[in-house]
>>> print(open('upload-v3.cif').read())   # mmCIF, C-alpha atoms
data_data
loop_
_atom_site.label_atom_id
_atom_site.label_comp_id
_atom_site.auth_asym_id
_atom_site.auth_seq_id
_atom_site.Cartn_x
_atom_site.Cartn_y
_atom_site.Cartn_z
CA ALA A 1 -2.78 17.77 3.73
CA SER A 2 -0.80 15.30 1.60
CA ALA A 3 -3.40 12.56 1.91
CA VAL A 4 -6.24 15.02 1.36
CA ALA A 5 -4.62 16.29 -1.85
CA ALA A 6 -4.04 12.73 -3.08
CA TYR A 7 -7.63 11.70 -2.28
CA TYR A 8 -9.03 14.78 -4.06
CA ASP A 9 -6.85 14.09 -7.08
CA ALA A 10 -7.95 10.44 -7.26
CA PHE A 11 -11.56 10.56 -6.09
CA GLY A 12 -12.71 14.19 -5.93
CA SER A 13 -13.24 13.81 -2.18
CA ASP A 14 -11.03 14.20 0.87
CA ALA A 15 -11.67 10.84 2.54
CA PRO A 16 -10.50 7.31 1.79
CA PRO A 17 -13.12 4.98 0.30
CA PRO A 18 -12.70 2.07 2.77
CA THR A 19 -14.41 1.95 6.14
CA TYR A 20 -13.72 0.10 9.36
CA ASP A 21 -16.25 -2.49 8.20
CA ASP A 22 -13.83 -3.50 5.42
CA ILE A 23 -11.08 -4.59 7.83
CA PRO A 24 -12.37 -8.12 8.56
CA ASP A 25 -12.76 -8.86 4.83
CA ALA A 26 -9.17 -8.04 3.89
CA GLU A 27 -6.76 -10.89 3.28
CA THR A 28 -3.72 -8.64 3.22
CA HIS A 29 -3.27 -5.69 5.53
CA LEU A 30 -0.45 -3.50 4.25
CA VAL A 31 0.62 -0.83 6.75
CA TRP A 32 2.90 1.68 5.05
CA GLY A 33 4.73 4.35 7.01
CA ALA A 34 2.54 4.10 10.08
CA ASN A 35 2.52 2.55 13.53
CA PRO A 36 -1.14 1.85 14.34
CA ALA A 37 -0.16 -0.47 17.21
CA VAL A 38 0.65 2.75 19.10
CA ALA A 39 -1.27 5.47 17.24
CA HIS A 40 -4.54 3.55 16.70
CA PRO A 41 -4.55 0.58 19.08
CA VAL A 42 -8.23 -0.31 18.70
CA MET A 43 -8.05 -0.30 14.91
CA PHE A 44 -4.77 -2.21 15.11
CA ARG A 45 -6.46 -4.91 17.18
CA TRP A 46 -9.05 -5.31 14.42
CA ILE A 47 -6.30 -5.46 11.78
CA ARG A 48 -4.33 -8.04 13.77
CA GLU A 49 -7.45 -10.16 14.38
CA SER A 50 -8.20 -10.16 10.65
CA ALA A 51 -4.57 -10.87 9.73
CA ASP A 52 -4.57 -13.82 12.16
CA GLU A 53 -7.24 -15.56 10.08
CA GLU A 54 -6.08 -18.43 7.87
CA GLY A 55 -4.87 -17.11 4.51
CA SER A 56 -4.45 -13.55 5.76
CA GLU A 57 -1.37 -11.53 6.61
CA LEU A 58 -0.09 -8.23 7.93
CA LEU A 59 2.82 -6.62 6.10
CA VAL A 60 4.59 -3.44 7.16
CA VAL A 61 6.61 -1.08 4.98
CA ASP A 62 8.64 1.32 7.10
CA PRO A 63 12.31 2.27 7.31
CA VAL A 64 12.20 1.73 11.08
CA GLY A 65 11.20 -1.16 13.26
CA SER A 66 8.04 -0.35 15.20
CA GLU A 67 5.57 -2.09 17.42
CA THR A 68 3.44 -2.69 14.34
CA ALA A 69 6.40 -4.17 12.44
CA GLU A 70 7.20 -6.43 15.41
CA ASN A 71 3.65 -7.83 15.21
CA ALA A 72 3.64 -8.24 11.42
CA ASP A 73 4.06 -11.30 9.26
CA GLY A 74 6.62 -9.37 7.25
CA HIS A 75 8.52 -6.09 7.50
CA ILE A 76 10.06 -4.38 4.49
CA ALA A 77 12.47 -1.70 5.60
CA THR A 78 12.93 0.86 2.85
CA ALA A 79 15.73 3.35 2.71
CA PRO A 80 14.64 6.62 4.34
CA GLY A 81 12.57 8.48 1.77
CA GLY A 82 12.14 5.33 -0.32
CA ASP A 83 8.34 5.10 -0.12
CA LEU A 84 7.52 6.61 -3.51
CA ALA A 85 10.21 4.57 -5.24
CA LEU A 86 8.94 1.36 -3.64
CA ALA A 87 5.31 2.05 -4.58
CA ASN A 88 6.47 2.74 -8.14
CA ALA A 89 8.54 -0.48 -8.13
CA VAL A 90 5.54 -2.55 -7.04
CA LEU A 91 3.23 -1.01 -9.65
CA ALA A 92 5.88 -1.42 -12.35
CA ARG A 93 6.31 -5.07 -11.31
CA LEU A 94 2.56 -5.67 -11.50
CA ILE A 95 2.62 -4.20 -15.01
CA GLU A 96 5.73 -6.16 -16.06
CA THR A 97 4.19 -9.44 -14.88
CA ASP A 98 0.73 -8.71 -16.31
CA ARG A 99 -1.05 -8.80 -12.94
CA LEU A 100 -3.34 -5.78 -13.25
CA ASP A 101 -7.12 -5.71 -13.11
CA ASP A 102 -7.43 -4.33 -16.64
CA ALA A 103 -11.23 -4.48 -16.64
CA PHE A 104 -11.44 -2.42 -13.45
CA ILE A 105 -8.84 0.06 -14.72
CA ALA A 106 -10.73 0.54 -17.99
CA ALA A 107 -14.11 0.93 -16.29
CA HIS A 108 -13.18 3.01 -13.25
CA THR A 109 -10.02 5.02 -13.84
CA GLU A 110 -8.76 7.75 -16.12
CA GLY A 111 -5.19 8.45 -17.14
CA PHE A 112 -3.70 5.07 -16.25
CA ASP A 113 -1.74 4.89 -19.50
CA GLY A 114 0.08 8.05 -18.41
CA VAL A 115 0.93 6.48 -15.07
CA ARG A 116 2.09 3.30 -16.80
CA ASP A 117 4.29 5.24 -19.23
CA SER A 118 5.86 7.36 -16.47
CA LEU A 119 7.15 4.48 -14.35
CA PRO A 120 10.80 3.49 -14.35
CA PRO A 121 11.52 -0.25 -14.49
CA ALA A 122 10.76 -2.09 -11.25
CA ASP A 123 14.39 -2.97 -10.56
CA THR A 124 15.49 0.67 -10.95
CA SER A 125 12.84 1.85 -8.48
CA ALA A 126 13.59 -1.02 -6.08
CA GLU A 127 17.24 0.02 -5.98
CA ARG A 128 16.21 3.64 -5.25
CA ALA A 129 13.96 2.38 -2.46
CA GLY A 130 16.75 0.28 -0.96
CA VAL A 131 14.85 -3.00 -1.23
CA SER A 132 15.34 -6.25 -3.10
CA MET A 133 13.25 -7.43 -6.03
CA ALA A 134 12.16 -10.33 -3.82
CA GLN A 135 10.59 -7.78 -1.47
CA VAL A 136 8.93 -6.00 -4.40
CA ASP A 137 7.57 -9.35 -5.57
CA ARG A 138 6.25 -10.12 -2.09
CA LEU A 139 4.26 -6.89 -2.10
CA ALA A 140 3.08 -7.42 -5.68
CA THR A 141 1.88 -10.92 -4.78
CA ALA A 142 0.17 -9.65 -1.63
CA LEU A 143 -1.72 -7.08 -3.68
CA GLN A 144 -3.26 -9.90 -5.72
CA GLN A 145 -5.36 -10.62 -2.61
CA ASN A 146 -8.19 -8.56 -1.16
CA THR A 147 -5.92 -5.86 0.29
CA LEU A 148 -6.27 -2.77 2.43
CA ILE A 149 -3.40 -0.30 2.47
CA TYR A 150 -3.12 1.88 5.57
CA TRP A 151 -0.67 4.74 5.69
CA GLY A 152 0.10 7.48 8.13
CA MET A 153 2.52 10.21 8.98
CA GLY A 154 5.50 8.43 7.45
CA ILE A 155 3.84 9.06 4.10
CA ASN A 156 1.85 12.21 4.83
CA GLN A 157 4.72 14.20 6.31
CA SER A 158 7.37 13.22 3.81
CA VAL A 159 8.79 15.65 1.28
CA ARG A 160 6.93 13.75 -1.45
CA GLY A 161 3.85 13.00 0.65
CA THR A 162 1.18 13.80 -1.92
CA ALA A 163 2.99 11.88 -4.66
CA SER A 164 3.58 8.92 -2.32
CA ALA A 165 -0.06 8.83 -1.19
CA GLY A 166 -1.11 9.08 -4.84
CA ALA A 167 1.16 6.16 -5.74
CA LEU A 168 -0.43 4.04 -3.01
CA ILE A 169 -3.88 4.93 -4.34
CA ASP A 170 -2.68 3.96 -7.83
CA LEU A 171 -1.65 0.57 -6.44
CA CYS A 172 -5.12 0.05 -5.01
CA LEU A 173 -6.81 1.06 -8.24
CA ALA A 174 -4.56 -1.12 -10.41
#
>>> encode(input="upload-v3.cif", output="structure tokens")
Amino acid sequence: ASAVAAYYDAFGSDAPPPTYDDIPDAETHLVWGANPAVAHPVMFRWIRESADEEGSELLVVDPVGSETAENADGHIATAPGGDLALANAVLARLIETDRLDDAFIAAHTEGFDGVRDSLPPADTSAERAGVSMAQVDRLATALQQNTLIYWGMGINQSVRGTASAGALIDLCLA
């Protein structure tokens, strides 16, 4: 229900915009709070094959080591419950370093100024998430590429699941 609420809030529909056909085109695959190596092995094979291409990578954000994290190019272990803070840190860092797609935001989003104004500084959110600014910068840099973000029960079943899913959607839109 958390993801559905976040999708409705962002898009007016209960399904994510990407499709399986988008997987091969991604340069960065960011798995956040999920373990598709176990939960979705066929899809994970497609992700891994795409991430194995030159110039592509698989990053995992999860407080625990998982089979997916073991197969990733990078694993960022947040503090338990640190997902929302980390997503906010990354978005704040993109804003602070002027790395947003302002034309896309202006043409295709509403209310971004409110999101921008509500964010704490990146370093404050990084500390809450239990990660370093270097890790925040790694994610911010990765998002400059053609990126797909995949999330699962680690986000959806958290106490702040809808807000965390919404923050990940905000990252994609920014």
>>> resolve_selection(input="upload-v3.cif", expression="the PyMOL selection byres ((chain A and resi 21) around 12)", output="PDB file with C-alpha atoms, in the frame of the given file")
ATOM      1  CA  PRO A  17     -13.120   4.980   0.300  1.00  0.00           C
ATOM      2  CA  PRO A  18     -12.700   2.070   2.770  1.00  0.00           C
ATOM      3  CA  THR A  19     -14.410   1.950   6.140  1.00  0.00           C
ATOM      4  CA  TYR A  20     -13.720   0.100   9.360  1.00  0.00           C
ATOM      5  CA  ASP A  22     -13.830  -3.500   5.420  1.00  0.00           C
ATOM      6  CA  ILE A  23     -11.080  -4.590   7.830  1.00  0.00           C
ATOM      7  CA  PRO A  24     -12.370  -8.120   8.560  1.00  0.00           C
ATOM      8  CA  ASP A  25     -12.760  -8.860   4.830  1.00  0.00           C
ATOM      9  CA  ALA A  26      -9.170  -8.040   3.890  1.00  0.00           C
ATOM     10  CA  MET A  43      -8.050  -0.300  14.910  1.00  0.00           C
ATOM     11  CA  TRP A  46      -9.050  -5.310  14.420  1.00  0.00           C
ATOM     12  CA  ILE A  47      -6.300  -5.460  11.780  1.00  0.00           C
ATOM     13  CA  SER A  50      -8.200 -10.160  10.650  1.00  0.00           C
ATOM     14  CA  LEU A 148      -6.270  -2.770   2.430  1.00  0.00           C
TER      15      LEU A 148
END
>>> resolve_selection(input="upload-v3.cif", expression="the PyMOL selection byres ((chain A and resi 116-121) around 12)", output="PyMOL selection string")
chain A and resi 84-97+100+105+110-115+122-128+133+136+167+170-171+174
>>> residues_near_point(input="upload-v3.cif", point="(6.2, -15.4, 6.3)", cutoff="9 Å", atoms="all atoms listed in the file", output="VMD selection string")
chain A and resid 57 73 to 74
>>> resolve_selection(input="upload-v3.cif", expression="the PyMOL selection byres ((chain A and resi 76) around 9)", output="PyMOL selection string")
chain A and resi 59-63+69+74-75+77-78+131+135
>>> atom_distance(input="upload-v3.cif", atom1="CA of Asn35 (chain A)", atom2="CA of Ser66 (chain A)")
6.5 Å
>>> closest_residue(input="upload-v3.cif", among="A:Ala142, A:Glu27, A:Ser158, A:Ala1", to="Asp52 (chain A)", atoms="only C-alpha atoms")
A:Glu27
>>> residues_around(input="upload-v3.cif", residues="Gln157 (chain A)", least_positions_apart="2", cutoff="12 Å", atoms="all atoms listed in the file", output="PDB file with C-alpha atoms, in the frame of the given file")
ATOM      1  CA  ALA A   1      -2.780  17.770   3.730  1.00  0.00           C
ATOM      2  CA  SER A   2      -0.800  15.300   1.600  1.00  0.00           C
ATOM      3  CA  ALA A   3      -3.400  12.560   1.910  1.00  0.00           C
ATOM      4  CA  GLY A  33       4.730   4.350   7.010  1.00  0.00           C
ATOM      5  CA  ALA A  34       2.540   4.100  10.080  1.00  0.00           C
ATOM      6  CA  GLY A  81      12.570   8.480   1.770  1.00  0.00           C
ATOM      7  CA  ASP A  83       8.340   5.100  -0.120  1.00  0.00           C
ATOM      8  CA  TRP A 151      -0.670   4.740   5.690  1.00  0.00           C
ATOM      9  CA  GLY A 152       0.100   7.480   8.130  1.00  0.00           C
ATOM     10  CA  MET A 153       2.520  10.210   8.980  1.00  0.00           C
ATOM     11  CA  GLY A 154       5.500   8.430   7.450  1.00  0.00           C
ATOM     12  CA  ILE A 155       3.840   9.060   4.100  1.00  0.00           C
ATOM     13  CA  VAL A 159       8.790  15.650   1.280  1.00  0.00           C
ATOM     14  CA  ARG A 160       6.930  13.750  -1.450  1.00  0.00           C
ATOM     15  CA  GLY A 161       3.850  13.000   0.650  1.00  0.00           C
ATOM     16  CA  THR A 162       1.180  13.800  -1.920  1.00  0.00           C
ATOM     17  CA  ALA A 163       2.990  11.880  -4.660  1.00  0.00           C
ATOM     18  CA  SER A 164       3.580   8.920  -2.320  1.00  0.00           C
ATOM     19  CA  ALA A 165      -0.060   8.830  -1.190  1.00  0.00           C
TER      20      ALA A 165
END
